[in-house]
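One file, input_31.txt, is given below (compact mmCIF, C-alpha atoms).
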# COMPACT_ATOMS: atom_id res chain seq x y z
CA MET A 127 0.00 0.00 0.00
CA PRO A 128 1.17 3.57 -0.52
CA GLN A 129 3.07 4.92 2.45
CA TYR A 130 2.98 8.56 3.37
CA PHE A 131 5.47 10.31 5.64
CA THR A 132 5.20 13.27 7.91
CA ALA A 133 7.55 16.23 8.13
CA GLY A 134 10.50 15.49 10.38
CA GLN A 135 9.93 11.77 10.43
CA VAL A 136 13.09 9.66 10.59
CA LEU A 137 12.93 6.88 8.02
CA THR A 138 14.09 3.35 8.73
CA ALA A 139 16.62 1.57 6.56
CA ALA A 140 13.83 -0.60 5.13
CA GLN A 141 11.82 2.47 4.22
CA MET A 142 14.87 4.06 2.60
CA ASN A 143 15.55 0.88 0.65
CA THR A 144 11.97 0.78 -0.58
CA LEU A 145 12.18 4.40 -1.65
CA SER A 146 15.49 3.79 -3.40
CA GLY A 147 14.06 0.80 -5.24
CA ALA A 148 11.03 2.78 -6.24
CA VAL A 149 13.21 5.50 -7.75
CA ASP A 150 16.10 3.77 -9.42
CA GLY A 151 16.30 0.15 -8.29
CA TYR A 152 16.17 -2.66 -10.76
CA ALA A 153 15.56 -6.36 -10.94
CA THR A 154 16.47 -8.77 -13.72
CA THR A 155 14.42 -11.79 -14.72
CA ALA A 156 15.40 -14.46 -17.26
CA THR A 157 12.36 -15.20 -19.39
CA ALA A 158 11.18 -18.79 -19.01
CA ALA A 159 7.64 -18.85 -20.37
CA GLY A 160 6.62 -18.22 -16.76
CA THR A 161 4.98 -15.48 -14.74
CA THR A 162 6.56 -12.64 -12.79
CA THR A 163 4.22 -11.14 -10.22
CA LEU A 164 4.91 -7.54 -9.28
CA THR A 165 3.87 -5.82 -6.10
CA PHE A 166 3.73 -2.22 -4.98
CA ALA A 167 7.19 -2.70 -3.46
CA SER A 168 8.79 -4.11 -6.63
CA MET A 169 11.82 -2.35 -8.05
CA PHE A 170 10.97 0.46 -10.46
CA GLN A 171 13.03 -1.01 -13.28
CA GLN A 172 12.30 -4.58 -14.36
CA PHE A 173 14.72 -5.97 -16.94
CA PHE A 174 13.98 -9.18 -18.84
CA THR A 175 16.65 -11.22 -20.58
CA GLY A 176 16.68 -14.58 -22.36
CA SER A 177 15.15 -16.02 -25.48
CA THR A 178 11.56 -16.94 -24.69
CA THR A 179 8.37 -15.35 -23.45
CA GLN A 180 7.29 -14.19 -20.00
CA THR A 181 4.09 -12.90 -18.46
CA VAL A 182 4.19 -10.07 -15.95
CA THR A 183 1.29 -9.58 -13.57
CA MET A 184 0.90 -6.04 -12.28
CA PRO A 185 0.04 -5.37 -8.63
CA VAL A 186 -3.60 -5.22 -7.60
CA ALA A 187 -4.42 -1.63 -8.52
CA SER A 188 -5.96 -0.91 -5.13
CA THR A 189 -2.58 -1.51 -3.49
CA CYS A 190 -1.05 1.27 -5.60
CA TYR A 191 -1.73 4.98 -5.92
CA VAL A 192 -2.63 6.86 -9.06
CA GLY A 193 0.66 7.76 -10.68
CA TRP A 194 2.59 4.72 -9.40
CA LYS A 195 4.93 3.66 -12.18
CA ILE A 196 7.02 0.71 -13.20
CA ARG A 197 9.43 0.35 -16.11
CA ILE A 198 9.61 -2.88 -18.15
CA VAL A 199 12.69 -3.25 -20.34
CA ASN A 200 12.51 -6.28 -22.60
CA ASN A 201 16.07 -7.25 -23.48
CA SER A 202 14.96 -10.80 -24.32
CA SER A 203 14.13 -12.03 -27.81
CA GLY A 204 10.63 -13.13 -26.74
CA ILE A 205 7.49 -11.21 -25.89
CA VAL A 206 6.89 -9.97 -22.35
CA THR A 207 3.14 -9.79 -21.90
CA VAL A 208 2.09 -7.41 -19.15
CA GLN A 209 -1.26 -8.18 -17.58
CA SER A 210 -3.44 -6.58 -14.94
CA SER A 211 -4.07 -8.46 -11.71
CA GLY A 212 -7.21 -9.82 -13.37
CA ALA A 213 -5.10 -11.37 -16.18
CA ASN A 214 -6.19 -8.87 -18.82
CA THR A 215 -3.41 -7.96 -21.23
CA ILE A 216 -2.33 -4.33 -20.90
CA TYR A 217 0.47 -4.45 -23.46
CA ALA A 218 2.66 -7.10 -25.05
CA VAL A 219 6.14 -5.64 -24.83
CA PRO A 220 8.06 -6.68 -27.95
CA ALA A 221 11.73 -7.62 -27.90
CA GLY A 222 13.68 -4.41 -27.36
CA GLY A 223 10.69 -2.63 -25.84
CA ASP A 224 11.16 -0.07 -23.07
CA VAL A 225 7.81 0.69 -21.52
CA ILE A 226 6.64 2.62 -18.48
CA PHE A 227 3.32 1.50 -17.00
CA THR A 228 1.37 3.94 -14.85
CA CYS A 229 -1.50 3.25 -12.50
CA ILE A 230 -4.35 5.55 -13.56
CA LEU A 231 -7.08 4.02 -11.42
CA ALA A 232 -6.35 2.73 -7.92
CA SER A 233 -9.12 0.16 -8.08
CA GLY A 234 -10.29 -2.65 -10.29
CA THR A 235 -8.42 -5.61 -11.72
CA ALA A 236 -8.74 -4.92 -15.45
CA ALA A 237 -6.36 -3.31 -17.93
CA ALA A 238 -8.31 -0.05 -17.61
CA SER A 239 -6.48 0.67 -14.35
CA TRP A 240 -3.23 1.08 -16.26
CA ASP A 241 -1.71 3.30 -18.91
CA TYR A 242 1.55 2.67 -20.73
CA LYS A 243 3.99 4.32 -23.06
CA ASP A 244 6.51 2.40 -25.13
CA TYR A 245 9.48 4.74 -25.38
CA LYS A 246 11.30 2.46 -27.80
CA ALA A 247 8.31 2.26 -30.08
CA SER A 248 7.79 6.00 -30.27
CA GLY A 249 9.79 8.26 -32.54
CA SER A 250 12.39 5.83 -33.81
CA ALA A 251 10.31 2.70 -34.15
CA PRO A 252 12.20 0.09 -36.15
CA ALA A 253 10.59 -1.03 -39.38
CA ILE A 254 11.11 -4.65 -38.43
CA THR A 255 11.42 -6.16 -34.97
CA LYS A 256 12.48 -9.68 -34.10
CA ILE A 257 9.81 -11.13 -31.84
CA GLN A 258 10.98 -14.69 -31.42
CA ALA A 259 13.48 -17.14 -32.87
CA SER A 260 13.10 -20.78 -31.93
CA SER A 261 14.94 -23.88 -33.08
CA PHE A 262 13.36 -27.29 -32.80
CA SER A 263 14.78 -30.74 -33.44
CA ALA A 264 12.86 -33.91 -34.36
CA VAL A 265 9.51 -32.75 -32.98
CA ALA A 266 6.08 -34.16 -33.87
CA ASN A 267 4.94 -30.57 -34.41
CA THR A 268 5.92 -27.13 -33.16
CA GLY A 269 3.41 -27.44 -30.29
CA THR A 270 3.06 -24.29 -28.21
CA THR A 271 6.42 -22.86 -29.30
CA PHE A 272 4.89 -20.12 -31.43
CA ASP A 273 1.88 -19.34 -29.25
CA GLY A 274 1.58 -15.64 -28.46
CA VAL A 275 3.81 -14.34 -31.26
CA PHE A 276 0.91 -12.48 -32.89
CA THR A 277 -0.34 -9.60 -30.76
CA SER A 278 -1.92 -6.22 -31.17
CA SER A 279 1.57 -4.70 -31.27
CA TYR A 280 1.85 -5.33 -35.02
CA LYS A 281 -0.57 -5.72 -37.90
CA LYS A 282 1.78 -7.66 -40.16
CA TYR A 283 4.37 -10.32 -39.48
CA LEU A 284 7.19 -11.97 -41.40
CA VAL A 285 7.81 -15.59 -40.46
CA VAL A 286 11.08 -17.03 -41.73
CA PHE A 287 11.68 -20.77 -41.86
CA ASN A 288 15.35 -21.68 -42.04
CA ALA A 289 17.20 -25.00 -42.43
CA CYS A 290 13.98 -26.98 -42.02
CA LEU A 291 13.56 -30.67 -42.81
CA SER A 292 11.05 -33.46 -42.49
CA SER A 293 12.37 -36.81 -41.25
CA ALA A 294 9.98 -38.65 -43.60
CA GLY A 295 10.29 -36.29 -46.56
CA VAL A 296 6.57 -35.54 -46.50
CA ALA A 297 4.13 -32.68 -46.82
CA THR A 298 3.96 -30.18 -43.98
CA ALA A 299 1.17 -27.83 -43.09
CA ILE A 300 0.53 -24.77 -40.98
CA GLN A 301 -2.45 -23.92 -38.77
CA THR A 302 -3.17 -20.84 -36.72
CA ARG A 303 -3.54 -21.00 -32.94
CA VAL A 304 -6.02 -19.00 -30.89
CA SER A 305 -5.07 -18.63 -27.23
CA GLY A 306 -3.32 -21.98 -27.27
CA VAL A 307 -5.93 -23.88 -29.27
CA THR A 308 -5.25 -25.03 -32.83
CA SER A 309 -7.72 -23.88 -35.48
CA ALA A 310 -8.40 -27.00 -37.55
CA THR A 311 -11.00 -25.90 -40.07
CA GLY A 312 -11.82 -23.20 -42.59
CA TYR A 313 -8.55 -22.89 -44.52
CA TYR A 314 -8.72 -21.87 -48.15
CA GLY A 315 -5.75 -21.43 -50.43
CA ILE A 316 -3.19 -22.97 -52.70
CA THR A 317 0.34 -24.25 -52.41
CA GLN A 318 2.22 -24.58 -55.67
CA MET A 319 5.51 -26.42 -56.07
CA ILE A 320 7.74 -26.39 -59.15
CA ASP A 321 10.70 -28.74 -59.09
CA TYR A 322 14.01 -28.44 -60.95
CA ALA A 323 12.54 -30.44 -63.87
CA SER A 324 9.73 -27.85 -64.19
CA THR A 325 7.17 -30.34 -62.90
CA VAL A 326 4.34 -28.44 -61.25
CA SER A 327 2.21 -29.80 -58.42
CA TYR A 328 -0.44 -28.25 -56.24
CA VAL A 329 -2.02 -28.76 -52.85
CA SER A 330 -5.29 -26.91 -52.48
CA ALA A 331 -7.15 -26.06 -49.31
CA ASN A 332 -10.91 -25.80 -49.64
CA ASN A 333 -12.39 -25.40 -46.17
CA SER A 334 -9.53 -27.65 -45.11
CA ALA A 335 -7.97 -28.46 -41.75
CA SER A 336 -4.70 -26.71 -42.59
CA LEU A 337 -2.75 -24.87 -45.27
CA GLY A 338 0.07 -26.72 -47.01
CA LEU A 339 3.69 -25.63 -46.78
CA GLY A 340 4.85 -28.06 -49.46
CA THR A 341 6.77 -31.29 -49.29
CA TRP A 342 9.83 -30.87 -47.11
CA THR A 343 12.82 -33.02 -47.95
CA THR A 344 15.00 -34.88 -45.46
CA THR A 345 17.80 -32.38 -46.08
CA ALA A 346 17.90 -29.28 -43.88
CA ALA A 347 17.39 -27.01 -46.86
CA GLN A 348 13.80 -25.82 -46.66
CA SER A 349 13.65 -22.03 -46.49
CA LEU A 350 10.33 -20.15 -46.47
CA PHE A 351 9.34 -16.51 -46.09
CA LEU A 352 5.70 -16.10 -45.10
CA TYR A 353 3.85 -12.85 -44.50
CA PHE A 354 0.90 -12.90 -42.10
CA SER A 355 -1.73 -10.21 -41.72
CA ASN A 356 -5.12 -10.01 -40.00
CA VAL A 357 -3.70 -11.68 -36.91
CA GLY A 358 -3.16 -10.66 -33.29
CA SER A 359 -6.22 -8.48 -32.74
CA GLY A 360 -9.84 -8.29 -33.78
CA SER A 361 -11.72 -11.21 -35.25
CA GLN A 362 -10.41 -11.37 -38.81
CA ARG A 363 -9.57 -14.00 -41.39
CA PRO A 364 -5.80 -14.54 -41.10
CA VAL A 365 -4.09 -14.13 -44.45
CA VAL A 366 -0.75 -15.70 -45.30
CA SER A 367 1.31 -15.51 -48.44
CA GLY A 368 4.90 -16.17 -49.34
CA ASN A 369 7.35 -18.38 -51.08
CA GLY A 370 10.52 -20.27 -50.57
CA VAL A 371 12.81 -23.09 -51.52
CA LEU A 372 12.26 -26.77 -50.77
CA LEU A 373 15.82 -27.96 -51.40
CA THR A 374 15.61 -27.82 -55.22
CA SER A 375 11.98 -26.79 -55.70
CA LEU A 376 10.19 -23.47 -55.66
CA VAL A 377 7.13 -23.23 -53.43
CA SER A 378 4.53 -20.47 -53.39
CA ILE A 379 1.85 -20.31 -50.74
CA ALA A 380 -1.29 -18.19 -50.46
CA GLY A 381 -4.28 -18.70 -48.23
CA ALA A 382 -6.63 -17.57 -45.52
CA GLY A 383 -8.16 -19.03 -42.41
CA GLN A 384 -11.46 -18.56 -40.63
CA ALA A 385 -12.37 -15.37 -38.77
CA GLU A 386 -10.59 -15.43 -35.40
CA VAL A 387 -8.01 -13.63 -33.29
CA ALA A 388 -5.00 -15.70 -34.27
CA THR A 389 -2.27 -15.42 -31.65
CA GLY A 390 0.18 -17.95 -33.02
CA PHE A 391 0.71 -20.90 -35.30
CA ILE A 392 1.73 -24.54 -35.38
CA VAL A 393 3.59 -26.47 -38.08
CA THR A 394 2.89 -30.19 -38.48
CA PRO A 395 4.26 -32.84 -40.85
CA ALA A 396 1.97 -35.43 -42.47
CA SER A 397 4.09 -38.02 -40.68
CA GLY A 398 7.44 -38.24 -38.95
CA THR A 399 9.14 -35.29 -37.31
CA ILE A 400 10.41 -31.87 -38.30
CA THR A 401 13.58 -29.96 -37.50
CA GLY A 402 14.54 -26.36 -38.16
CA THR A 403 14.48 -22.76 -37.02
CA ILE A 404 11.59 -20.33 -37.30
CA THR A 405 11.97 -16.62 -36.64
CA VAL A 406 9.01 -14.27 -36.28
CA TYR A 407 9.36 -10.56 -37.03
CA GLY A 408 6.83 -7.82 -36.42
CA LEU A 409 6.53 -5.31 -39.24
CA ALA A 410 5.78 -1.68 -38.49
CA ASP A 411 3.03 0.01 -40.47
CA MET B 296 -1.22 -51.72 -49.73
CA ALA B 297 -0.63 -52.00 -45.98
CA THR B 298 -3.56 -51.78 -43.58
CA LYS B 299 -3.90 -48.91 -41.14
CA ALA B 300 -2.95 -51.23 -38.27
CA GLU B 301 0.21 -52.28 -40.10
CA ILE B 302 1.14 -48.67 -40.84
CA ILE B 303 0.56 -47.73 -37.21
CA ALA B 304 2.77 -50.60 -36.06
CA SER B 305 5.49 -49.47 -38.45
CA PHE B 306 5.33 -45.86 -37.26
CA LYS B 307 5.39 -46.93 -33.61
CA ALA B 308 8.48 -49.03 -34.24
CA GLN B 309 10.16 -46.10 -35.95
CA TYR B 310 9.00 -43.49 -33.42
CA PRO B 311 8.56 -45.16 -30.01
CA THR B 312 8.21 -41.70 -28.46
CA LEU B 313 7.40 -38.28 -29.86
CA LYS B 314 8.38 -34.94 -28.44
CA VAL B 315 7.42 -31.30 -28.79
CA GLY B 316 9.24 -28.17 -27.70
CA SER B 317 12.27 -26.18 -28.71
CA ASP B 318 15.94 -25.73 -27.94
CA GLU B 319 15.08 -22.59 -25.98
CA GLU B 320 12.23 -23.96 -23.85
CA GLY B 321 13.23 -27.62 -23.69
CA TYR B 322 11.42 -30.71 -24.92
CA THR B 323 8.67 -32.89 -23.50
CA ASP B 324 7.29 -36.23 -24.67
CA LEU B 325 3.76 -36.30 -26.03
CA PRO B 326 1.36 -37.82 -23.50
CA PRO B 327 0.04 -41.30 -24.47
CA THR B 328 -3.31 -40.10 -25.83
CA GLU B 329 -1.68 -37.43 -27.98
CA TYR B 330 0.96 -39.91 -29.13
CA GLU B 331 -1.72 -42.39 -30.23
CA ALA B 332 -3.72 -39.67 -31.97
CA THR B 333 -0.64 -38.40 -33.80
CA ILE B 334 0.40 -41.85 -35.00
CA SER B 335 -3.19 -42.54 -36.10
CA ALA B 336 -3.27 -39.24 -38.02
CA TRP B 337 0.02 -40.12 -39.72
CA ALA B 338 -1.45 -43.47 -40.80
CA ASP B 339 -4.55 -41.74 -42.15
CA ASN B 340 -2.35 -39.26 -44.04
CA GLN B 341 -0.29 -42.08 -45.56
CA LEU B 342 -3.37 -44.04 -46.60
CA ALA B 343 -4.89 -40.93 -48.17
CA GLN B 344 -1.64 -40.21 -50.01
CA GLU B 345 -1.42 -43.79 -51.31
CA ALA B 346 -5.07 -43.72 -52.38
CA ALA B 347 -4.58 -40.43 -54.23
CA GLU B 348 -1.47 -41.74 -56.00
CA LYS B 349 -3.28 -44.99 -56.94
CA ALA B 350 -6.23 -43.03 -58.33
CA VAL B 351 -3.91 -41.03 -60.59
CA THR B 352 -2.08 -44.18 -61.74
CA ASP B 353 -5.35 -46.03 -62.40
CA GLU B 354 -6.79 -43.08 -64.31
CA LYS B 355 -3.65 -42.81 -66.43
CA ALA B 356 -3.71 -46.56 -67.17
CA ALA B 357 -7.39 -46.40 -68.12
CA ILE B 358 -6.75 -43.57 -70.59
CA LEU B 359 -3.78 -45.40 -72.15
CA ALA B 360 -5.87 -48.57 -72.45
CA LYS B 361 -8.68 -46.60 -74.05
CA ILE B 362 -6.44 -45.16 -76.77
CA GLY B 363 -4.47 -48.39 -77.07
CA ILE B 364 -0.91 -47.20 -76.53
CA THR B 365 1.73 -47.64 -73.84
CA GLU B 366 3.11 -44.91 -71.62
CA ALA B 367 6.44 -45.07 -73.48
CA GLU B 368 4.63 -44.59 -76.78
CA LEU B 369 2.72 -41.64 -75.35
CA ARG B 370 5.97 -39.99 -74.27
CA ILE B 371 7.39 -40.43 -77.77
CA ALA B 372 4.21 -39.00 -79.27
CA LEU B 373 4.39 -35.97 -76.97
CA GLY B 374 8.01 -35.41 -77.88
Could you write out this file's structure as structure tokens?
Amino acid sequence: MPQYFTAGQVLTAAQMNTLSGAVDGYATTATAAGTTTLTFASMFQQFFTGSTTQTVTMPVASTCYVGWKIRIVNNSSGIVTVQSSGANTIYAVPAGGDVIFTCILASGTAAASWDYKDYKASGSAPAITKIQASSFSAVANTGTTFDGVFTSSYKKYLVVFNACLSSAGVATAIQTRVSGVTSATGYYGITQMIDYASTVSYVSANNSASLGLGTWTTTAAQSLFLYFSNVGSGSQRPVVSGNGVLLTSLVSIAGAGQAEVATGFIVTPASGTITGTITVYGLAD
Amino acid sequence: MATKAEIIASFKAQYPTLKVGSDEEGYTDLPPTEYEATISAWADNQLAQEAAEKAVTDEKAAILAKIGITEAELRIALG
């Protein structure tokens, strides 16, 4: 709770330490896809390092005073999602973000009790920001790895697949994820492959369970560049387009999903496992 | 063509466990129900792929039979 002092009062060491922390103290947290819970007495500056995501829960607003501030510096390569005490997202701090959150209502548990300003995003916002880079080896699918990469922070995303392979040399497919649940219907689109002998093949999606990414070979030489839009906020039909190389073939992909707030994606082979690296970038308007 | 049960047995022998995760967050094995569902889906995918390939082969053979030439002769005719 806020603490007020009277003129002439002698402060204790603990009180001085709290004041010092509130002014210029800092704490560092390694992101671990976990949750950091802040309190009124937390250090003013909260630095996050590492290579994955983290959720930060703000103090219960009623324990703060209007104007109470905390600084979140995201030095990790993942997203740091800042939520109110009621688990409502206030702002998803992108990698490199430097944001000050201010209590504007000393009651309630929703995001409305908080304001924020991203000082990194203002003025000199980069045109492209790395949100997450993850490598996976011999997995049945990419599981929850790319959950939460699409947020309201960006309207468009570039997803780069590098050195990918399929252990069985089979077709792979992508599906969107909504708050951790895979969307398995309503995909429309086309995937076209042209091999080095000019043989053309297609995989179409017509209200299908997924959108094809082409047949990945067993050599780590699949490289794709996919652009996503209509994801991260508002119920919209996610749109994806792009192209790439499947060892010695050209692949072009275009498609759309059902109306939803897509917050991530999952990649799955028709059989066997997949290996590779996928990097997600947010693109500024 | 192998039956679904045979394909499942083959996949299980080749992949006794399946994992998800990443280098950054670590890996975990799929729980038994998810493992079974994944292997079953793989078998379905393989059967569907084989059926699609057989349909194309059968259709091609039917056309060649109808016009009374071999595939080699067709290739020569098409240059």
Taking all atoms listed in the file into account and nothing else, which residues of chain B lie no more than 8 Å away from chain A? Please answer as a list in words. Tyr310, Leu313, Lys314, Val315, Gly316, Ser317, Asp318, Glu319, Glu320, Thr333, Ile334, Ala336, Trp337, Ala338, Asn340 and Gln341 of chain B
Tell me, as a VMD selection string, which residues lie within 10 Å of Tyr314 of chain A, counting all atoms listed in the file; anything in the same chain fewer than 6 positions away does not count. chain A and resid 330 to 337 365 380 to 384
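Restricting the calculation to all atoms listed in the file, the smallest distance between Asn143 of chain A and any of A:Thr235, A:Phe173, A:Ala167, A:Val326 is found for A:Ala167.
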Report as JSON the centre and the edge lengths, in Å to one decimal, of the axis-aligned box holding every listed atom of segment 257-267 of chain A, padded by 5 Å on each side.
{"center_x": 9.9, "center_y": -22.6, "center_z": -32.9, "size_x": 20.0, "size_y": 33.0, "size_z": 13.0}
Atomic distance atom CA of Asn356 of chain A - atom CA of Ala221 of chain A, expressed in Å with one decimal: 20.9 Å
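The interatomic distance for the pair atom CA of Tyr130 of chain A and atom CA of Ser211 of chain A works out to 23.8 Å.
The point (10.1, 7.1, 1.9) has these residues within 8 Å of it when all atoms listed in the file are used: A:Gln129, A:Tyr130, A:Phe131, A:Leu137, A:Gln141, A:Met142, A:Thr144, A:Leu145.
Among A:Ile257, A:Ala299, A:Ala156, A:Leu376, the residue with the shortest atom-to-atom distance to Ile205 of chain A, counting all atoms listed in the file, is A:Ile257.
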Take the point (16.5, -30.2, -41.2) as written in the file and pick out every residue within 6 Å of it, counting only C-alpha atoms; give the list as a PyMOL selection string. chain A and resi 289-291+345-346+401-402
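Closest approach to Val208 of chain A from the set A:Thr189, A:Thr155, A:Ser233, A:Gln180 is made by A:Gln180, with distances taken over all atoms listed in the file.
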List as number ranges by chain the protein and nucleic acid residues near Gln172 of chain A, meaning an atom at most 8 Å away when all atoms listed in the file are counted, but skip any in the same chain fewer than 5 places from it. A: 152-155, 196-199
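Residue nearest Ser203 of chain A, chosen from A:Val286, A:Val275, A:Ala237, A:Ala388 and counting all atoms listed in the file: A:Val275.
Atom CA of Thr298 of chain B is positioned 24.2 Å from atom CA of Ala356 of chain B.
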Any idea what's packed within 10 Å of Ala232 of chain A, counting only C-alpha atoms, ignoring anything in its chain fewer than 5 positions away? Could you give it as a PDB file with C-alpha atoms, in the frame of the given file?
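Full text of around_33.pdb as output:
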ATOM      1  CA  VAL A 186      -3.600  -5.220  -7.600  1.00  0.00           C
ATOM      2  CA  ALA A 187      -4.420  -1.630  -8.520  1.00  0.00           C
ATOM      3  CA  SER A 188      -5.960  -0.910  -5.130  1.00  0.00           C
ATOM      4  CA  THR A 189      -2.580  -1.510  -3.490  1.00  0.00           C
ATOM      5  CA  CYS A 190      -1.050   1.270  -5.600  1.00  0.00           C
ATOM      6  CA  TYR A 191      -1.730   4.980  -5.920  1.00  0.00           C
ATOM      7  CA  VAL A 192      -2.630   6.860  -9.060  1.00  0.00           C
ATOM      8  CA  GLY A 193       0.660   7.760 -10.680  1.00  0.00           C
ATOM      9  CA  TRP A 194       2.590   4.720  -9.400  1.00  0.00           C
ATOM     10  CA  SER A 239      -6.480   0.670 -14.350  1.00  0.00           C
ATOM     11  CA  TRP A 240      -3.230   1.080 -16.260  1.00  0.00           C
TER      12      TRP A 240
END
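If you count all atoms listed in the file and ignore residues fewer than 4 places along the chain from Glu366 of chain B, what sits within 9 Å of it is Lys355, Ala356, Leu359, Arg370 and Ile371 of chain B.
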Tyr280 of chain A surroundings by all atoms listed in the file, 10 Å radius, close-in-sequence under 6 positions cut, as a PyMOL selection string: chain A and resi 220+254-255+355-359+407-411
With C-alpha atoms kept, could you save the residues just selected as a PDB file, keeping the file's coordinate frame?
ATOM      1  CA  PRO A 220       8.060  -6.680 -27.950  1.00  0.00           C
ATOM      2  CA  ILE A 254      11.110  -4.650 -38.430  1.00  0.00           C
ATOM      3  CA  THR A 255      11.420  -6.160 -34.970  1.00  0.00           C
ATOM      4  CA  SER A 355      -1.730 -10.210 -41.720  1.00  0.00           C
ATOM      5  CA  ASN A 356      -5.120 -10.010 -40.000  1.00  0.00           C
ATOM      6  CA  VAL A 357      -3.700 -11.680 -36.910  1.00  0.00           C
ATOM      7  CA  GLY A 358      -3.160 -10.660 -33.290  1.00  0.00           C
ATOM      8  CA  SER A 359      -6.220  -8.480 -32.740  1.00  0.00           C
ATOM      9  CA  TYR A 407       9.360 -10.560 -37.030  1.00  0.00           C
ATOM     10  CA  GLY A 408       6.830  -7.820 -36.420  1.00  0.00           C
ATOM     11  CA  LEU A 409       6.530  -5.310 -39.240  1.00  0.00           C
ATOM     12  CA  ALA A 410       5.780  -1.680 -38.490  1.00  0.00           C
ATOM     13  CA  ASP A 411       3.030   0.010 -40.470  1.00  0.00           C
TER      14      ASP A 411
END
